[in-house]
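Colleague: Have a look at this one.
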Amino acid sequence: MNLHPLDIIVLLLYLSALFCMGYYFSKRNTDTERYFLGGRAFKGWVVGLSLVGTSISSITFLAYPGDAFKTAWLRYLPNLMLPLAVLIAAYLFLPFFRRGQTTTAYQYLEHRFGPSVRTYAAAAFIIAQLVRVSMILYLISLVLQEITDLDSTTCILVSGSIVAVYTVMGGIEAVIWTDVIQTVVLLLGGIVCVGIIAAELPGGIGQIFTVASQQDKFAFAEMINGTLQPASWDLSLSTKTATMMLFIGLTNWLTEYSSNQNTVQRFCAVESESEARKAMFICAACSLPIWAFFMFLGTALYVFFLLFPATHAEEILAGTRKAEEILPFFITHYMPPGLVGLVIAAALAAAMSSLDSSINAIATVSIVDIYRRHLARDRSEQHYLKTAWIIATCSAVIMMAGATYLIHAETKTLQHTATILVSLMGGGLLGIYAIGFLTTQGDARSVWLGIAGTMLFTSWTVLSSNQLLPPAISVPFDLYYTGLMGNLLMFFLIYAVSLVLVTSERNLHGLTIRHSSNETVDRF
């Protein structure tokens, strides 16, 4: 479709606001402390809303409505563990990251286990984030291509360049404040879509609830042989059950709040520990209803196309088209001029709020954990700041190159490659942090043996998923549980090895629960 002038005006206003914010905050970046952490002066509510923007991403805007449209609300289930994970992180993890002048999540690992473990975790994060941002940019380019009729490469270059400019210029302040705006824009875009659907339905919004309830579209169920089957609440490793999905959700969110620099960097950027907790609670309180709202949008689309059938929607339900295509299809065919521009801005916001955070976090980890720590010590702040700009720019270029490559590659192959790479490098990080926080066991030797064992385990699951192993030695559990089991394996391997190896006495003051203290620890 060709964009209406009103839509173009809305988009230009939105993008201009991002550029202006990037330029404004660029004037305040005089050193890396400001560029990476904003002077550690943020209020909790600002960081909380920015965390919402970072966590929702394109998955919320596209995958949630698509999944609810085609199936039901099973995808939402793991998110219910976010409040529990936040409570654990707020009172268990947070104090370790707030002591002293911590900048990254991986500084803790050096003090607890040694510099090699810190470098490994930092490198794993950088690789995983480069893969992640490439895929997010690729996915959003597909949406923009369908809505605007521009080719995918142009969509990648335009949207990627926009993110790169304001992120590289403005640093963490631009990232956090634009994320706040993008969270609001994303929600407004979803509200507009639901409002239009409700206005078109004879029974209004009540009809959505009535029809969806009659057809179990609000249930925690999955599509099996063309029919919705309620998920069981059994404990099982061979099938996807509701109970096990809750465990997976808890594992994922604890990993997010312990070893993801995108999140931990926000903890370090607020003015106090109490404000950091406020940010975490605000994020949980806002994220759950927003996720539920976008699931509801998918349910509303199902009811809408049930009453107003369309071949495109029928093909999605039949499985011949991807479920994520339903919202872009609705936008291009059923929304009036002006509002299309707002929803495109919302789609961009969903992607940009994740991309800008990752680019800034990559630059932070690269400088603090690798460059300044190992390659160029005792340089001036201006040197590190300029190097951070270069790394952020290079990350954006790699992101756009990776997304462009994805256009010409088989999606399934790319997803497998990305999953393999991220799993091999980053699998079990929660297990490492858990050992560090909860016990006095472990050193660099035991952690590296745990990493090696977890990599072998992940390799086994990868080979099995690609049917490269004989049935007798293939994985006997559902591969959906690989992350959960990998973290458990990492924890118990490190603990077991540390019982065998002789470990010298170490000062663990402030590094474990047993040696925890509210006093500032100089080593941080």
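Labeling convention for the structure tokens: chains A, B, ... as they appear, residues from 1 per chain, ligands from 1 in order of appearance.
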Where does range 285-356 of chain A meet range 191-209 of chain A within 8 Å, residue by residue, with the nearest atom pair and distance in Å to one decimal for each, counting only C-alpha atoms, listed by chain and rising number, as JSON lines?
Modeller:
{"residue": "A:Leu297", "atom": "CA", "partner": "A:Val194", "partner_atom": "CA", "distance": 6.0}
{"residue": "A:Thr299", "atom": "CA", "partner": "A:Ile208", "partner_atom": "CA", "distance": 7.5}
{"residue": "A:Ala300", "atom": "CA", "partner": "A:Ile208", "partner_atom": "CA", "distance": 5.7}
{"residue": "A:Leu301", "atom": "CA", "partner": "A:Ile197", "partner_atom": "CA", "distance": 7.3}
{"residue": "A:Val303", "atom": "CA", "partner": "A:Ile208", "partner_atom": "CA", "distance": 6.0}
{"residue": "A:Phe304", "atom": "CA", "partner": "A:Ile197", "partner_atom": "CA", "distance": 6.5}
{"residue": "A:Leu307", "atom": "CA", "partner": "A:Leu201", "partner_atom": "CA", "distance": 8.0}
{"residue": "A:Ile331", "atom": "CA", "partner": "A:Cys193", "partner_atom": "CA", "distance": 7.9}
{"residue": "A:Met335", "atom": "CA", "partner": "A:Ile196", "partner_atom": "CA", "distance": 7.5}
{"residue": "A:Leu339", "atom": "CA", "partner": "A:Val192", "partner_atom": "CA", "distance": 7.5}
{"residue": "A:Val343", "atom": "CA", "partner": "A:Val192", "partner_atom": "CA", "distance": 7.8}
Colleague: If we count only C-alpha atoms, what is near Lys43 in chain A at a cut-off of 9 Å, once residues fewer than 4 positions away on the same chain are taken out, given as a JSON list (two decimals) with N, CA and C atoms, in the first residue's frame?
Modeller:
[["chain", "number", "residue", "atom", "x", "y", "z"],
["A", 47, "VAL", "N", 13.06, 4.42, 34.78],
["A", 47, "VAL", "CA", 13.74, 3.18, 34.43],
["A", 47, "VAL", "C", 12.75, 2.03, 34.35],
["A", 48, "GLY", "N", 11.74, 2.02, 35.21],
["A", 48, "GLY", "CA", 10.73, 0.97, 35.17],
["A", 48, "GLY", "C", 10.00, 0.93, 33.84],
["A", 269, "ALA", "N", 21.89, 2.37, 36.96],
["A", 269, "ALA", "CA", 21.71, 3.74, 36.50],
["A", 269, "ALA", "C", 20.78, 4.56, 37.38],
["A", 270, "VAL", "N", 20.05, 3.91, 38.29],
["A", 270, "VAL", "CA", 19.14, 4.65, 39.16],
["A", 270, "VAL", "C", 19.89, 5.21, 40.35],
["A", 271, "GLU", "N", 19.28, 6.15, 41.04],
["A", 271, "GLU", "CA", 19.99, 6.90, 42.07],
["A", 271, "GLU", "C", 20.15, 6.15, 43.39],
["A", 272, "SER", "N", 19.35, 5.10, 43.63],
["A", 272, "SER", "CA", 19.46, 4.37, 44.88],
["A", 272, "SER", "C", 18.91, 2.96, 44.71],
["A", 275, "GLU", "N", 15.12, 2.96, 44.64],
["A", 275, "GLU", "CA", 14.59, 3.36, 43.34],
["A", 275, "GLU", "C", 14.74, 2.23, 42.32],
["A", 276, "ALA", "N", 15.81, 1.45, 42.44],
["A", 276, "ALA", "CA", 15.98, 0.31, 41.54],
["A", 276, "ALA", "C", 14.87, -0.71, 41.76],
["A", 278, "LYS", "N", 11.92, -0.04, 42.92],
["A", 278, "LYS", "CA", 10.71, 0.58, 42.38],
["A", 278, "LYS", "C", 10.62, 0.35, 40.88],
["A", 279, "ALA", "N", 11.76, 0.49, 40.20],
["A", 279, "ALA", "CA", 11.79, 0.28, 38.75],
["A", 279, "ALA", "C", 11.38, -1.15, 38.41]]
Colleague: Please provide as a list of chain:residue names all residues within 8 Å of Ile316 in chain A, with the sequence filter that same-chain residues fewer than 4 positions apart are discarded (counting only C-alpha atoms).
Modeller: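 Using only C-alpha atoms, the neighbours found are A:Lys70, A:His312, A:Thr320, A:Arg321, A:Lys322, A:Ala323, A:Glu325, A:Ile326.
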Colleague: Convert the current residue selection to file output with C-alpha atoms, as a PDB file, in the first residue's frame.
Modeller:
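What follows is the written file selection-v1.pdb:
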ATOM      1  CA  LYS A  70      -4.328 -18.886  15.834  1.00  0.00           C
ATOM      2  CA  HIS A 312      -5.508 -14.218   4.328  1.00  0.00           C
ATOM      3  CA  THR A 320      -0.278 -22.018   5.237  1.00  0.00           C
ATOM      4  CA  ARG A 321       0.727 -18.530   6.408  1.00  0.00           C
ATOM      5  CA  LYS A 322       2.614 -17.398   9.489  1.00  0.00           C
ATOM      6  CA  ALA A 323       0.482 -16.296  12.430  1.00  0.00           C
ATOM      7  CA  GLU A 325       1.170 -11.817   9.557  1.00  0.00           C
ATOM      8  CA  ILE A 326      -2.346 -11.252  10.927  1.00  0.00           C
TER       9      ILE A 326
END
Colleague: Would you please work out which residue, of A:Leu469, A:Ala122, A:Ile176, A:Ala444, is nearest to Gly44 in chain A when using only C-alpha atoms?
Modeller: A:Ile176
Colleague: Neighbours of Glu273 in chain A within 9 Å (only C-alpha atoms; same-chain residues fewer than 5 positions away dropped), as number ranges by chain?
Modeller: A: 94-95, 98, 267-268, 278
Colleague: Need to verify the contact set: Phe247 in chain A, 9 Å, only C-alpha atoms, exclusion of same-chain residues closer than 4 positions in sequence. Can you return it as a PyMOL selection string?
Modeller: chain A and resi 78+81+242-243+251-252+484
Colleague: Could you write out that same residue set with N, CA and C atoms as an mmCIF file, in the first residue's frame?
Modeller:
data_model
loop_
_atom_site.group_PDB
_atom_site.id
_atom_site.type_symbol
_atom_site.label_atom_id
_atom_site.label_comp_id
_atom_site.auth_asym_id
_atom_site.auth_seq_id
_atom_site.Cartn_x
_atom_site.Cartn_y
_atom_site.Cartn_z
ATOM 1 N N PRO A 78 4.106 -18.366 30.800
ATOM 2 C CA PRO A 78 5.412 -18.121 31.455
ATOM 3 C C PRO A 78 5.557 -16.719 32.031
ATOM 4 N N MET A 81 5.134 -15.705 35.854
ATOM 5 C CA MET A 81 6.202 -15.886 36.849
ATOM 6 C C MET A 81 7.069 -14.639 37.003
ATOM 7 N N ALA A 242 1.385 -26.982 31.507
ATOM 8 C CA ALA A 242 1.257 -25.648 32.082
ATOM 9 C C ALA A 242 2.216 -25.463 33.254
ATOM 10 N N THR A 243 2.343 -26.480 34.087
ATOM 11 C CA THR A 243 3.232 -26.393 35.242
ATOM 12 C C THR A 243 4.682 -26.193 34.812
ATOM 13 N N THR A 251 12.624 -19.509 35.188
ATOM 14 C CA THR A 251 14.034 -19.607 34.792
ATOM 15 C C THR A 251 14.418 -18.465 33.856
ATOM 16 N N ASN A 252 13.574 -18.210 32.872
ATOM 17 C CA ASN A 252 13.873 -17.152 31.901
ATOM 18 C C ASN A 252 13.946 -15.782 32.559
ATOM 19 N N LEU A 484 16.078 -24.720 30.902
ATOM 20 C CA LEU A 484 15.849 -25.038 32.311
ATOM 21 C C LEU A 484 16.839 -26.085 32.796
#
Colleague: Could you name the residues that touch Thr102 in chain A at 12 Å or less, counting only C-alpha atoms, but leaving out those on the same chain fewer than 5 positions away, as an mmCIF file with N, CA, C and O atoms, in the first residue's frame?
Modeller:
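What landed in result27.cif:
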data_model
loop_
_atom_site.group_PDB
_atom_site.id
_atom_site.type_symbol
_atom_site.label_atom_id
_atom_site.label_comp_id
_atom_site.auth_asym_id
_atom_site.auth_seq_id
_atom_site.Cartn_x
_atom_site.Cartn_y
_atom_site.Cartn_z
ATOM 1 N N GLU A 33 30.825 7.357 32.261
ATOM 2 C CA GLU A 33 29.862 7.242 33.369
ATOM 3 C C GLU A 33 28.519 7.834 32.955
ATOM 4 O O GLU A 33 27.461 7.274 33.236
ATOM 5 N N PHE A 36 27.139 5.604 29.721
ATOM 6 C CA PHE A 36 26.650 4.269 30.039
ATOM 7 C C PHE A 36 25.560 4.261 31.108
ATOM 8 O O PHE A 36 24.682 3.398 31.103
ATOM 9 N N LEU A 37 25.608 5.236 32.051
ATOM 10 C CA LEU A 37 24.727 5.162 33.220
ATOM 11 C C LEU A 37 23.955 6.452 33.505
ATOM 12 O O LEU A 37 23.208 6.508 34.480
ATOM 13 N N ARG A 40 24.110 7.929 37.002
ATOM 14 C CA ARG A 40 23.453 7.164 38.076
ATOM 15 C C ARG A 40 22.411 8.027 38.800
ATOM 16 O O ARG A 40 22.318 8.003 40.036
ATOM 17 N N LEU A 94 19.714 -7.916 43.397
ATOM 18 C CA LEU A 94 19.979 -6.480 43.286
ATOM 19 C C LEU A 94 21.101 -5.975 44.194
ATOM 20 O O LEU A 94 21.953 -5.195 43.739
ATOM 21 N N PRO A 95 21.138 -6.375 45.477
ATOM 22 C CA PRO A 95 22.205 -5.847 46.345
ATOM 23 C C PRO A 95 23.612 -6.121 45.824
ATOM 24 O O PRO A 95 24.514 -5.303 46.024
ATOM 25 N N PHE A 96 23.814 -7.249 45.141
ATOM 26 C CA PHE A 96 25.142 -7.566 44.623
ATOM 27 C C PHE A 96 25.540 -6.630 43.478
ATOM 28 O O PHE A 96 26.726 -6.373 43.267
ATOM 29 N N PHE A 97 24.548 -6.139 42.736
ATOM 30 C CA PHE A 97 24.838 -5.246 41.613
ATOM 31 C C PHE A 97 24.884 -3.773 42.022
ATOM 32 O O PHE A 97 25.391 -2.941 41.274
ATOM 33 N N GLN A 107 30.998 -7.793 36.054
ATOM 34 C CA GLN A 107 32.022 -7.427 37.029
ATOM 35 C C GLN A 107 31.924 -8.313 38.265
ATOM 36 O O GLN A 107 32.943 -8.684 38.858
ATOM 37 N N TYR A 108 30.707 -8.626 38.654
ATOM 38 C CA TYR A 108 30.517 -9.514 39.802
ATOM 39 C C TYR A 108 31.224 -10.849 39.591
ATOM 40 O O TYR A 108 31.852 -11.393 40.513
ATOM 41 N N LEU A 109 31.144 -11.397 38.390
ATOM 42 C CA LEU A 109 31.718 -12.713 38.122
ATOM 43 C C LEU A 109 33.227 -12.722 38.302
ATOM 44 O O LEU A 109 33.800 -13.728 38.731
ATOM 45 N N GLU A 110 33.890 -11.623 37.976
ATOM 46 C CA GLU A 110 35.345 -11.581 38.173
ATOM 47 C C GLU A 110 35.694 -11.637 39.652
ATOM 48 O O GLU A 110 36.597 -12.368 40.062
ATOM 49 N N HIS A 111 34.983 -10.855 40.457
ATOM 50 C CA HIS A 111 35.283 -10.836 41.884
ATOM 51 C C HIS A 111 34.948 -12.174 42.550
ATOM 52 O O HIS A 111 35.599 -12.564 43.509
ATOM 53 N N GLN A 261 22.699 -7.795 30.603
ATOM 54 C CA GLN A 261 23.211 -6.437 30.784
ATOM 55 C C GLN A 261 22.154 -5.385 30.477
ATOM 56 O O GLN A 261 22.142 -4.311 31.094
ATOM 57 N N VAL A 264 20.454 -5.275 33.954
ATOM 58 C CA VAL A 264 21.332 -4.920 35.074
ATOM 59 C C VAL A 264 21.864 -3.491 34.935
ATOM 60 O O VAL A 264 22.025 -2.776 35.926
ATOM 61 N N GLN A 265 22.117 -3.067 33.704
ATOM 62 C CA GLN A 265 22.604 -1.697 33.489
ATOM 63 C C GLN A 265 21.596 -0.681 34.010
ATOM 64 O O GLN A 265 21.982 0.379 34.519
ATOM 65 N N ARG A 266 20.308 -0.990 33.903
ATOM 66 C CA ARG A 266 19.274 -0.098 34.439
ATOM 67 C C ARG A 266 19.341 -0.057 35.967
ATOM 68 O O ARG A 266 19.133 0.994 36.574
ATOM 69 N N PHE A 267 19.612 -1.223 36.604
ATOM 70 C CA PHE A 267 19.737 -1.238 38.057
ATOM 71 C C PHE A 267 20.817 -0.265 38.527
ATOM 72 O O PHE A 267 20.675 0.394 39.553
ATOM 73 N N CYS A 268 21.911 -0.231 37.768
ATOM 74 C CA CYS A 268 23.065 0.585 38.149
ATOM 75 C C CYS A 268 22.868 2.062 37.816
ATOM 76 O O CYS A 268 23.606 2.909 38.314
ATOM 77 N N ALA A 269 21.893 2.368 36.961
ATOM 78 C CA ALA A 269 21.710 3.744 36.496
ATOM 79 C C ALA A 269 20.781 4.560 37.382
ATOM 80 O O ALA A 269 20.732 5.789 37.243
ATOM 81 N N VAL A 270 20.053 3.907 38.288
ATOM 82 C CA VAL A 270 19.136 4.652 39.155
ATOM 83 C C VAL A 270 19.892 5.208 40.350
ATOM 84 O O VAL A 270 21.006 4.787 40.669
ATOM 85 N N THR A 364 28.716 -0.885 26.221
ATOM 86 C CA THR A 364 29.094 -0.844 27.630
ATOM 87 C C THR A 364 29.944 -2.046 28.020
ATOM 88 O O THR A 364 31.011 -1.915 28.625
ATOM 89 N N VAL A 365 29.467 -3.234 27.681
ATOM 90 C CA VAL A 365 30.186 -4.464 28.028
ATOM 91 C C VAL A 365 31.530 -4.524 27.311
ATOM 92 O O VAL A 365 32.548 -4.929 27.895
ATOM 93 N N VAL A 368 33.827 -1.811 29.219
ATOM 94 C CA VAL A 368 34.087 -2.039 30.644
ATOM 95 C C VAL A 368 34.700 -3.413 30.905
ATOM 96 O O VAL A 368 35.660 -3.539 31.674
ATOM 97 N N ASP A 369 34.157 -4.446 30.271
ATOM 98 C CA ASP A 369 34.579 -5.813 30.600
ATOM 99 C C ASP A 369 35.734 -6.332 29.758
ATOM 100 O O ASP A 369 36.421 -7.265 30.174
ATOM 101 N N THR A 520 29.576 -0.907 51.550
ATOM 102 C CA THR A 520 30.153 -0.853 50.206
ATOM 103 C C THR A 520 31.435 -1.665 50.166
ATOM 104 O O THR A 520 32.276 -1.550 51.044
ATOM 105 N N VAL A 521 31.596 -2.466 49.161
ATOM 106 C CA VAL A 521 32.771 -3.307 49.015
ATOM 107 C C VAL A 521 33.712 -2.646 48.024
ATOM 108 O O VAL A 521 33.340 -2.371 46.884
ATOM 109 N N ASP A 522 34.944 -2.402 48.429
ATOM 110 C CA ASP A 522 35.891 -1.682 47.591
ATOM 111 C C ASP A 522 36.146 -2.387 46.269
ATOM 112 O O ASP A 522 36.401 -1.761 45.258
ATOM 113 N N ARG A 523 36.087 -3.732 46.269
ATOM 114 C CA ARG A 523 36.426 -4.472 45.052
ATOM 115 C C ARG A 523 35.477 -4.144 43.914
ATOM 116 O O ARG A 523 35.780 -4.337 42.752
ATOM 117 N N PHE A 524 34.288 -3.627 44.201
ATOM 118 C CA PHE A 524 33.363 -3.270 43.142
ATOM 119 C C PHE A 524 33.624 -1.847 42.652
ATOM 120 O O PHE A 524 33.018 -1.405 41.737
#
Colleague: Return the single residue from A:Phe437, A:Tyr481, A:Tyr166, A:Trp291 that is closest to Thr178 in chain A, with distances computed using only C-alpha atoms.
Modeller: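 Nearest to Thr178 in chain A: A:Tyr166.
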